[in-house]
Protein chains: 2
Amino acid sequence: MSRFLSKEAAALAPYTPGEQPQDQQYIKLNTNESPFPPSPKVLKALSRAELLKLNLYSDPTCGQLTEAIAKRYELQSENVITGNGSDEILAFAFRAFCGQGKGVAYADITYGFYKAQAALFGLDAKIVPLRADFTLNVDDYMDFPGTVVIANPNAPTGMAVARADIQRLLEADPDRVVIVDEAYVDFGAESCVPMIYRYDNLLVVQTMSKSRSLAGGRVGYALGSPALIAALNRVKYSFNPYNVNRLSIIAGAAAVEDEPYFRQCTAAIRSNRAWTVGELENMGFTVLPSSANFIFAKSDKISGEDLYRKLKENGILVRWWADAPRIRDYVRVTIGSLEQMAALVDETARLLEEL
Amino acid sequence: MSRFLSKEAAALAPYTPGEQPQDQQYIKLNTNESPFPPSPKVLKALSRAELLKLNLYSDPTCGQLTEAIAKRYELQSENVITGNGSDEILAFAFRAFCGQGKGVAYADITYGFYKAQAALFGLDAKIVPLRADFTLNVDDYMDFPGTVVIANPNAPTGMAVARADIQRLLEADPDRVVIVDEAYVDFGAESCVPMIYRYDNLLVVQTMSKSRSLAGGRVGYALGSPALIAALNRVKYSFNPYNVNRLSIIAGAAAVEDEPYFRQCTAAIRSNRAWTVGELENMGFTVLPSSANFIFAKSDKISGEDLYRKLKENGILVRWWADAPRIRDYVRVTIGSLEQMAALVDETARLLEEL
């Protein structure tokens, strides 16, 4: 470890992102991107005239983007903050709501970034195991006095929590912030957005990386009460006031305004998911019930590690976690285009026959 | 203050960015942007084919961009990390190198963000006053055991520190990290980049927001020893692995590769600066010696506040700090195009005549 590193930096737990080969020789089903290009309205909005203005700073309030998001969700601008991906928004939230005497709780099997960010701010983290069937039961969080973070649907399981359950958690302690990370909500879970006006301790985090085909644009946002949003802005202006660049503001606004394209893309993913689940189940796979743009599957015939490695050898990337004993048997497969899913199914069938 | 706010968030000192009116009715000389559009090579690089790939995550290592920067500065990729503007890079550095028992020192009159970020991480900050003539004397930092941050040239004064002085500071304590924030270095100060191979405790932070006409793209970077860069990556992967979006990676790489355009733009700014300084001095202004793309000026005839307000009323934005007693008499004026500077000079002359 470097002699320059602070104690706090030495204690960090950096996140390992999914492989991102830049040579495009793989069918990439490992980082839950959309297989569809961004909306044609995004391409139109990123005009030459806008590119010519890159010498000027972006609007630190991201007004155009926050207003477009507020309109889409029937909220006010004061209910919205946008960030450089939802990872940045989550970091703002961890700093804003957690600290000395205010810990954070999240599931043992969930988005790996919560752990990294808890370490970043030196927070006390309570790790709450999912039940044996991978369901998240909100009763397990009822007595926790700090901030609760729930990915809904959860990653990498894809399983959803009912809105009514999160409502119980919000009501049990009005002073406790509940962060619902809805990165994947558009593919089938119940969003908590309709409860924002009712519960000022609810923060909903979403992203344009999945259902809006803008992973490369890095646009995330949080929706919540003005008090929560003001707290997040306090952190943002202490960290990076111009946190969203000009082109991402424009692209994000155009994407959120194209509702027909959004519906078309998310419907295609649900349809492709249903087909893929059926095919894998026919091959004997156990597939957890997914409300996301990915599925979590295991087979008695081949280990998660072997499936991951053999698929990769044959040009298909899926995600497998070496260091998580509870889910070592599983692989997570992003739902892509029907052609991509057919390739996955064909290759998996071939690998099983070879055994 | 919100009941949800953590103690740490309550103690923050959020930064106030310069006004960013989005209606473009002002001549904007208040946030040190370039008056020139980005390089034509940037526009060409941001092709339709690239926009169509926005559904895919950016390369977390920002390989294309770090390699272009490394090549330009005759370094290796392991000497480079890129960020969502240099503000993000500075935050990474504050977390990586400072913490319990490792404070940070910076000048009383300097970039306001150091204070905000020191508060963000709860650091002990030592504020070191500039000398009476606004020079920064490195001897004032010699005995400080923590991390030293020096903006060179300094903002908002524009005044530079000699490389040899920073060298003395680096040599005085090889275990102390010295961060040299060279946001404005391309307009006339001595860069410390040539010392990177020699001193592994030197971190140079630069940005494409000023000399590369990419403020709206948010591209910052740090250059330093592999040990320092690895420490910064540790923080980055705990905060936001995909911290630079696809289009900014492409734009930044194209910008740094267009050396002739860079030279042309920075030469024009120096020339316009010399003209503006001459005109203001002819009107009786005191102008600090500037190595940056802005000047810091005061007049015995009009207060800083009045000049700022009256210029704004007449469509010209400059920057004035209400809360900093040492510099209340001054305004900071970004050096823009010759037309913009002529407008500033004419309007200032008119205002003085009106008195």
# chains A, B, ... in the order shown; residues from 1 in each chain; ligands from 1
>>> interface_residues(of="chain B", to="chain A", cutoff="6 Å", atoms="only C-alpha atoms", output="ChimeraX atom specification")
/B:4-6,9,14-15,33-34,37-38,52,54-58,87,96-99,116-117,213-218,234,237-238,240,245-246
>>> residues_around(residues="Leu351 of chain A", least_positions_apart="2", cutoff="10 Å", atoms="only C-alpha atoms", output="list in words")
Ile302, Asp306, Leu307, Lys310, Leu311, Asn314, Val345, Asp346, Glu347, Thr348, Ala349, Glu353, Glu354 and Leu355 of chain A
>>> select_by_dssp(residues="segment 90-272 of chain A", states="helix (DSSP H, G or I)", output="PyMOL selection string")
chain A and resi 90-97+113-120+138-141+163-172+185-187+193-195+215-217+226-239+246-257+259-272
>>> residues_around(residues="Lys71 of chain A", least_positions_apart="4", cutoff="12 Å", atoms="only C-alpha atoms", output="list of chain:residue names")
A:Gly63, A:Gln64, A:Leu65, A:Thr66, A:Glu67, A:Leu75, A:Gln76, A:Ser77, A:Glu78, A:Asn79, A:Val80, A:Leu223, A:Ala253, A:Val256, A:Glu257, A:Glu259
>>> residues_around(residues="Asp300 of chain B", least_positions_apart="6", cutoff="12 Å", atoms="only C-alpha atoms", output="list of chain:residue names")
B:Glu281, B:Met283, B:Gly284, B:Phe285, B:Thr286, B:Val287, B:Asp306, B:Leu307, B:Asp329, B:Tyr330, B:Leu352, B:Leu355
>>> write_last_selection(atoms="all heavy atoms", output="tab-separated table (two decimals), in the first residue's frame")
chain	number	residue	atom	x	y	z
B	281	GLU	N	-5.11	49.58	-17.40
B	281	GLU	CA	-4.07	50.37	-16.72
B	281	GLU	C	-4.13	51.83	-17.18
B	281	GLU	O	-3.94	52.74	-16.37
B	281	GLU	CB	-2.69	49.74	-16.94
B	281	GLU	CG	-2.51	48.46	-16.11
B	281	GLU	CD	-1.16	47.78	-16.29
B	281	GLU	OE1	-0.45	48.11	-17.26
B	281	GLU	OE2	-0.83	46.91	-15.46
B	283	MET	N	-6.69	53.35	-17.80
B	283	MET	CA	-7.82	53.96	-17.10
B	283	MET	C	-7.55	54.07	-15.60
B	283	MET	O	-8.45	54.40	-14.83
B	283	MET	CB	-9.08	53.13	-17.32
B	283	MET	CG	-9.70	53.31	-18.69
B	283	MET	SD	-11.32	52.47	-18.76
B	283	MET	CE	-10.88	50.98	-19.62
B	284	GLY	N	-6.32	53.72	-15.19
B	284	GLY	CA	-5.97	53.85	-13.78
B	284	GLY	C	-6.18	52.60	-12.93
B	284	GLY	O	-6.03	52.64	-11.72
B	285	PHE	N	-6.54	51.50	-13.57
B	285	PHE	CA	-6.73	50.26	-12.82
B	285	PHE	C	-5.39	49.68	-12.36
B	285	PHE	O	-4.37	49.83	-13.06
B	285	PHE	CB	-7.43	49.20	-13.68
B	285	PHE	CG	-8.93	49.28	-13.67
B	285	PHE	CD1	-9.58	50.18	-14.50
B	285	PHE	CD2	-9.68	48.48	-12.83
B	285	PHE	CE1	-10.97	50.26	-14.50
B	285	PHE	CE2	-11.06	48.56	-12.82
B	285	PHE	CZ	-11.71	49.46	-13.65
B	286	THR	N	-5.42	49.04	-11.21
B	286	THR	CA	-4.32	48.17	-10.79
B	286	THR	C	-4.68	46.76	-11.22
B	286	THR	O	-5.75	46.25	-10.87
B	286	THR	CB	-4.17	48.19	-9.26
B	286	THR	OG1	-3.91	49.54	-8.86
B	286	THR	CG2	-3.04	47.27	-8.81
B	287	VAL	N	-3.81	46.13	-12.00
B	287	VAL	CA	-4.08	44.78	-12.48
B	287	VAL	C	-2.94	43.88	-12.01
B	287	VAL	O	-1.77	44.15	-12.29
B	287	VAL	CB	-4.17	44.74	-14.02
B	287	VAL	CG1	-4.58	43.34	-14.49
B	287	VAL	CG2	-5.14	45.79	-14.55
B	306	ASP	N	-19.50	47.89	-7.09
B	306	ASP	CA	-20.19	48.76	-8.04
B	306	ASP	C	-19.85	48.39	-9.48
B	306	ASP	O	-20.72	48.38	-10.35
B	306	ASP	CB	-19.82	50.23	-7.79
B	306	ASP	CG	-20.56	50.80	-6.59
B	306	ASP	OD1	-21.48	50.11	-6.08
B	306	ASP	OD2	-20.21	51.91	-6.15
B	307	LEU	N	-18.57	48.11	-9.71
B	307	LEU	CA	-18.17	47.77	-11.07
B	307	LEU	C	-18.88	46.49	-11.52
B	307	LEU	O	-19.44	46.42	-12.63
B	307	LEU	CB	-16.65	47.60	-11.15
B	307	LEU	CG	-16.08	47.32	-12.54
B	307	LEU	CD1	-16.48	48.40	-13.54
B	307	LEU	CD2	-14.55	47.19	-12.49
B	329	ASP	N	-12.16	44.75	-3.18
B	329	ASP	CA	-11.98	45.87	-4.12
B	329	ASP	C	-11.83	45.40	-5.57
B	329	ASP	O	-11.90	46.21	-6.49
B	329	ASP	CB	-10.71	46.66	-3.75
B	329	ASP	CG	-10.85	47.34	-2.40
B	329	ASP	OD1	-12.01	47.51	-1.95
B	329	ASP	OD2	-9.82	47.70	-1.81
B	330	TYR	N	-11.59	44.11	-5.74
B	330	TYR	CA	-11.24	43.59	-7.07
B	330	TYR	C	-12.43	42.95	-7.79
B	330	TYR	O	-13.37	42.48	-7.14
B	330	TYR	CB	-10.17	42.50	-6.93
B	330	TYR	CG	-8.80	43.03	-6.56
B	330	TYR	CD1	-8.49	43.34	-5.23
B	330	TYR	CD2	-7.81	43.19	-7.53
B	330	TYR	CE1	-7.23	43.81	-4.88
B	330	TYR	CE2	-6.55	43.66	-7.19
B	330	TYR	CZ	-6.26	43.96	-5.87
B	330	TYR	OH	-5.02	44.42	-5.53
B	352	LEU	N	-16.85	54.80	-15.79
B	352	LEU	CA	-15.96	55.70	-15.05
B	352	LEU	C	-16.29	57.16	-15.36
B	352	LEU	O	-16.24	58.03	-14.49
B	352	LEU	CB	-14.50	55.41	-15.38
B	352	LEU	CG	-13.94	54.07	-14.89
B	352	LEU	CD1	-12.45	53.95	-15.21
B	352	LEU	CD2	-14.17	53.87	-13.40
B	355	LEU	N	-19.22	58.63	-13.41
B	355	LEU	CA	-19.09	58.84	-11.94
B	355	LEU	C	-19.05	60.32	-11.58
B	355	LEU	O	-18.53	61.14	-12.32
B	355	LEU	CB	-17.84	58.13	-11.44
B	355	LEU	CG	-17.84	56.60	-11.55
B	355	LEU	CD1	-16.50	56.04	-11.10
B	355	LEU	CD2	-18.96	56.01	-10.71
>>> atom_distance(atom1="atom CA of Val205 of chain A", atom2="atom CA of Gly224 of chain A")
8.8 Å
>>> atom_distance(atom1="atom CA of Ile250 of chain B", atom2="atom CA of Ile229 of chain B")
21.3 Å
>>> select_by_dssp(residues="segment 253-298 of chain A", states="strand (DSSP E or B)", output="ChimeraX atom specification")
/A:286-287,294-298
>>> atom_distance(atom1="atom CA of Arg350 of chain A", atom2="atom CA of Ser299 of chain A")
14.0 Å
>>> decode(residues="segment 30-74 of chain B", atoms="N, CA and C atoms", output="JSON list (two decimals), in the first residue's frame")
[["chain", "number", "residue", "atom", "x", "y", "z"],
["B", 30, "ASN", "N", -17.22, 35.67, -16.53],
["B", 30, "ASN", "CA", -17.24, 35.39, -15.10],
["B", 30, "ASN", "C", -16.88, 33.98, -14.69],
["B", 31, "THR", "N", -16.70, 33.07, -15.64],
["B", 31, "THR", "CA", -16.37, 31.70, -15.21],
["B", 31, "THR", "C", -15.18, 31.11, -15.97],
["B", 32, "ASN", "N", -14.39, 31.98, -16.57],
["B", 32, "ASN", "CA", -13.11, 31.57, -17.16],
["B", 32, "ASN", "C", -13.23, 30.50, -18.24],
["B", 33, "GLU", "N", -14.35, 30.54, -18.95],
["B", 33, "GLU", "CA", -14.48, 29.65, -20.09],
["B", 33, "GLU", "C", -13.66, 30.20, -21.26],
["B", 34, "SER", "N", -13.41, 29.34, -22.23],
["B", 34, "SER", "CA", -12.79, 29.78, -23.47],
["B", 34, "SER", "C", -13.85, 30.46, -24.35],
["B", 35, "PRO", "N", -13.50, 31.55, -25.02],
["B", 35, "PRO", "CA", -14.47, 32.16, -25.95],
["B", 35, "PRO", "C", -14.53, 31.41, -27.28],
["B", 36, "PHE", "N", -13.66, 30.44, -27.45],
["B", 36, "PHE", "CA", -13.59, 29.74, -28.73],
["B", 36, "PHE", "C", -14.31, 28.40, -28.66],
["B", 37, "PRO", "N", -14.95, 27.98, -29.75],
["B", 37, "PRO", "CA", -15.60, 26.66, -29.74],
["B", 37, "PRO", "C", -14.54, 25.56, -29.62],
["B", 38, "PRO", "N", -14.97, 24.35, -29.33],
["B", 38, "PRO", "CA", -13.99, 23.26, -29.28],
["B", 38, "PRO", "C", -13.35, 23.06, -30.65],
["B", 39, "SER", "N", -12.23, 22.38, -30.66],
["B", 39, "SER", "CA", -11.51, 22.08, -31.90],
["B", 39, "SER", "C", -12.44, 21.43, -32.93],
["B", 40, "PRO", "N", -12.26, 21.76, -34.20],
["B", 40, "PRO", "CA", -13.04, 21.07, -35.25],
["B", 40, "PRO", "C", -12.86, 19.55, -35.18],
["B", 41, "LYS", "N", -11.72, 19.11, -34.68],
["B", 41, "LYS", "CA", -11.49, 17.66, -34.56],
["B", 41, "LYS", "C", -12.43, 17.04, -33.51],
["B", 42, "VAL", "N", -12.82, 17.83, -32.51],
["B", 42, "VAL", "CA", -13.78, 17.36, -31.51],
["B", 42, "VAL", "C", -15.14, 17.14, -32.16],
["B", 43, "LEU", "N", -15.54, 18.10, -32.96],
["B", 43, "LEU", "CA", -16.85, 17.97, -33.64],
["B", 43, "LEU", "C", -16.87, 16.77, -34.56],
["B", 44, "LYS", "N", -15.76, 16.56, -35.25],
["B", 44, "LYS", "CA", -15.68, 15.43, -36.16],
["B", 44, "LYS", "C", -15.72, 14.10, -35.39],
["B", 45, "ALA", "N", -15.05, 14.07, -34.26],
["B", 45, "ALA", "CA", -14.97, 12.83, -33.48],
["B", 45, "ALA", "C", -16.33, 12.44, -32.88],
["B", 46, "LEU", "N", -17.15, 13.45, -32.57],
["B", 46, "LEU", "CA", -18.47, 13.16, -32.00],
["B", 46, "LEU", "C", -19.45, 12.83, -33.12],
["B", 47, "SER", "N", -19.18, 11.74, -33.78],
["B", 47, "SER", "CA", -19.92, 11.35, -34.98],
["B", 47, "SER", "C", -21.24, 10.67, -34.63],
["B", 48, "ARG", "N", -22.08, 10.57, -35.63],
["B", 48, "ARG", "CA", -23.35, 9.87, -35.46],
["B", 48, "ARG", "C", -23.12, 8.43, -35.00],
["B", 49, "ALA", "N", -22.10, 7.80, -35.52],
["B", 49, "ALA", "CA", -21.81, 6.41, -35.13],
["B", 49, "ALA", "C", -21.51, 6.32, -33.63],
["B", 50, "GLU", "N", -20.83, 7.34, -33.11],
["B", 50, "GLU", "CA", -20.53, 7.33, -31.66],
["B", 50, "GLU", "C", -21.80, 7.59, -30.85],
["B", 51, "LEU", "N", -22.63, 8.51, -31.33],
["B", 51, "LEU", "CA", -23.88, 8.80, -30.60],
["B", 51, "LEU", "C", -24.75, 7.55, -30.53],
["B", 52, "LEU", "N", -24.71, 6.75, -31.58],
["B", 52, "LEU", "CA", -25.53, 5.54, -31.62],
["B", 52, "LEU", "C", -25.07, 4.51, -30.59],
["B", 53, "LYS", "N", -23.86, 4.67, -30.07],
["B", 53, "LYS", "CA", -23.35, 3.71, -29.08],
["B", 53, "LYS", "C", -23.56, 4.16, -27.63],
["B", 54, "LEU", "N", -24.34, 5.22, -27.45],
["B", 54, "LEU", "CA", -24.56, 5.73, -26.08],
["B", 54, "LEU", "C", -25.28, 4.73, -25.17],
["B", 55, "ASN", "N", -25.88, 3.69, -25.76],
["B", 55, "ASN", "CA", -26.50, 2.67, -24.90],
["B", 55, "ASN", "C", -25.47, 1.82, -24.17],
["B", 56, "LEU", "N", -24.22, 1.89, -24.59],
["B", 56, "LEU", "CA", -23.16, 1.10, -23.94],
["B", 56, "LEU", "C", -22.37, 1.94, -22.95],
["B", 57, "TYR", "N", -22.01, 1.34, -21.83],
["B", 57, "TYR", "CA", -21.20, 2.04, -20.84],
["B", 57, "TYR", "C", -19.91, 2.55, -21.45],
["B", 58, "SER", "N", -19.39, 3.60, -20.87],
["B", 58, "SER", "CA", -18.07, 4.08, -21.25],
["B", 58, "SER", "C", -17.02, 3.14, -20.67],
["B", 59, "ASP", "N", -15.83, 3.21, -21.21],
["B", 59, "ASP", "CA", -14.70, 2.44, -20.70],
["B", 59, "ASP", "C", -14.32, 2.99, -19.33],
["B", 60, "PRO", "N", -14.45, 2.18, -18.25],
["B", 60, "PRO", "CA", -14.13, 2.73, -16.93],
["B", 60, "PRO", "C", -12.67, 3.20, -16.81],
["B", 61, "THR", "N", -11.77, 2.61, -17.59],
["B", 61, "THR", "CA", -10.38, 3.05, -17.53],
["B", 61, "THR", "C", -10.14, 4.29, -18.40],
["B", 62, "CYS", "N", -11.13, 4.68, -19.19],
["B", 62, "CYS", "CA", -11.01, 5.85, -20.08],
["B", 62, "CYS", "C", -9.75, 5.74, -20.93],
["B", 63, "GLY", "N", -9.48, 4.53, -21.41],
["B", 63, "GLY", "CA", -8.22, 4.23, -22.08],
["B", 63, "GLY", "C", -7.85, 5.18, -23.21],
["B", 64, "GLN", "N", -8.80, 5.45, -24.09],
["B", 64, "GLN", "CA", -8.51, 6.31, -25.25],
["B", 64, "GLN", "C", -8.07, 7.70, -24.78],
["B", 65, "LEU", "N", -8.71, 8.18, -23.76],
["B", 65, "LEU", "CA", -8.43, 9.53, -23.26],
["B", 65, "LEU", "C", -7.11, 9.57, -22.47],
["B", 66, "THR", "N", -6.93, 8.61, -21.59],
["B", 66, "THR", "CA", -5.69, 8.62, -20.79],
["B", 66, "THR", "C", -4.47, 8.43, -21.71],
["B", 67, "GLU", "N", -4.64, 7.61, -22.74],
["B", 67, "GLU", "CA", -3.50, 7.42, -23.65],
["B", 67, "GLU", "C", -3.18, 8.69, -24.44],
["B", 68, "ALA", "N", -4.22, 9.37, -24.89],
["B", 68, "ALA", "CA", -3.98, 10.62, -25.63],
["B", 68, "ALA", "C", -3.29, 11.65, -24.74],
["B", 69, "ILE", "N", -3.73, 11.72, -23.48],
["B", 69, "ILE", "CA", -3.12, 12.68, -22.55],
["B", 69, "ILE", "C", -1.68, 12.28, -22.24],
["B", 70, "ALA", "N", -1.48, 10.99, -21.99],
["B", 70, "ALA", "CA", -0.12, 10.52, -21.69],
["B", 70, "ALA", "C", 0.83, 10.85, -22.83],
["B", 71, "LYS", "N", 0.37, 10.64, -24.05],
["B", 71, "LYS", "CA", 1.21, 10.91, -25.22],
["B", 71, "LYS", "C", 1.55, 12.41, -25.29],
["B", 72, "ARG", "N", 0.57, 13.25, -25.09],
["B", 72, "ARG", "CA", 0.77, 14.69, -25.19],
["B", 72, "ARG", "C", 1.82, 15.19, -24.19],
["B", 73, "TYR", "N", 1.80, 14.58, -22.99],
["B", 73, "TYR", "CA", 2.70, 15.04, -21.93],
["B", 73, "TYR", "C", 3.95, 14.15, -21.78],
["B", 74, "GLU", "N", 4.13, 13.26, -22.75],
["B", 74, "GLU", "CA", 5.29, 12.37, -22.74],
["B", 74, "GLU", "C", 5.38, 11.58, -21.44]]
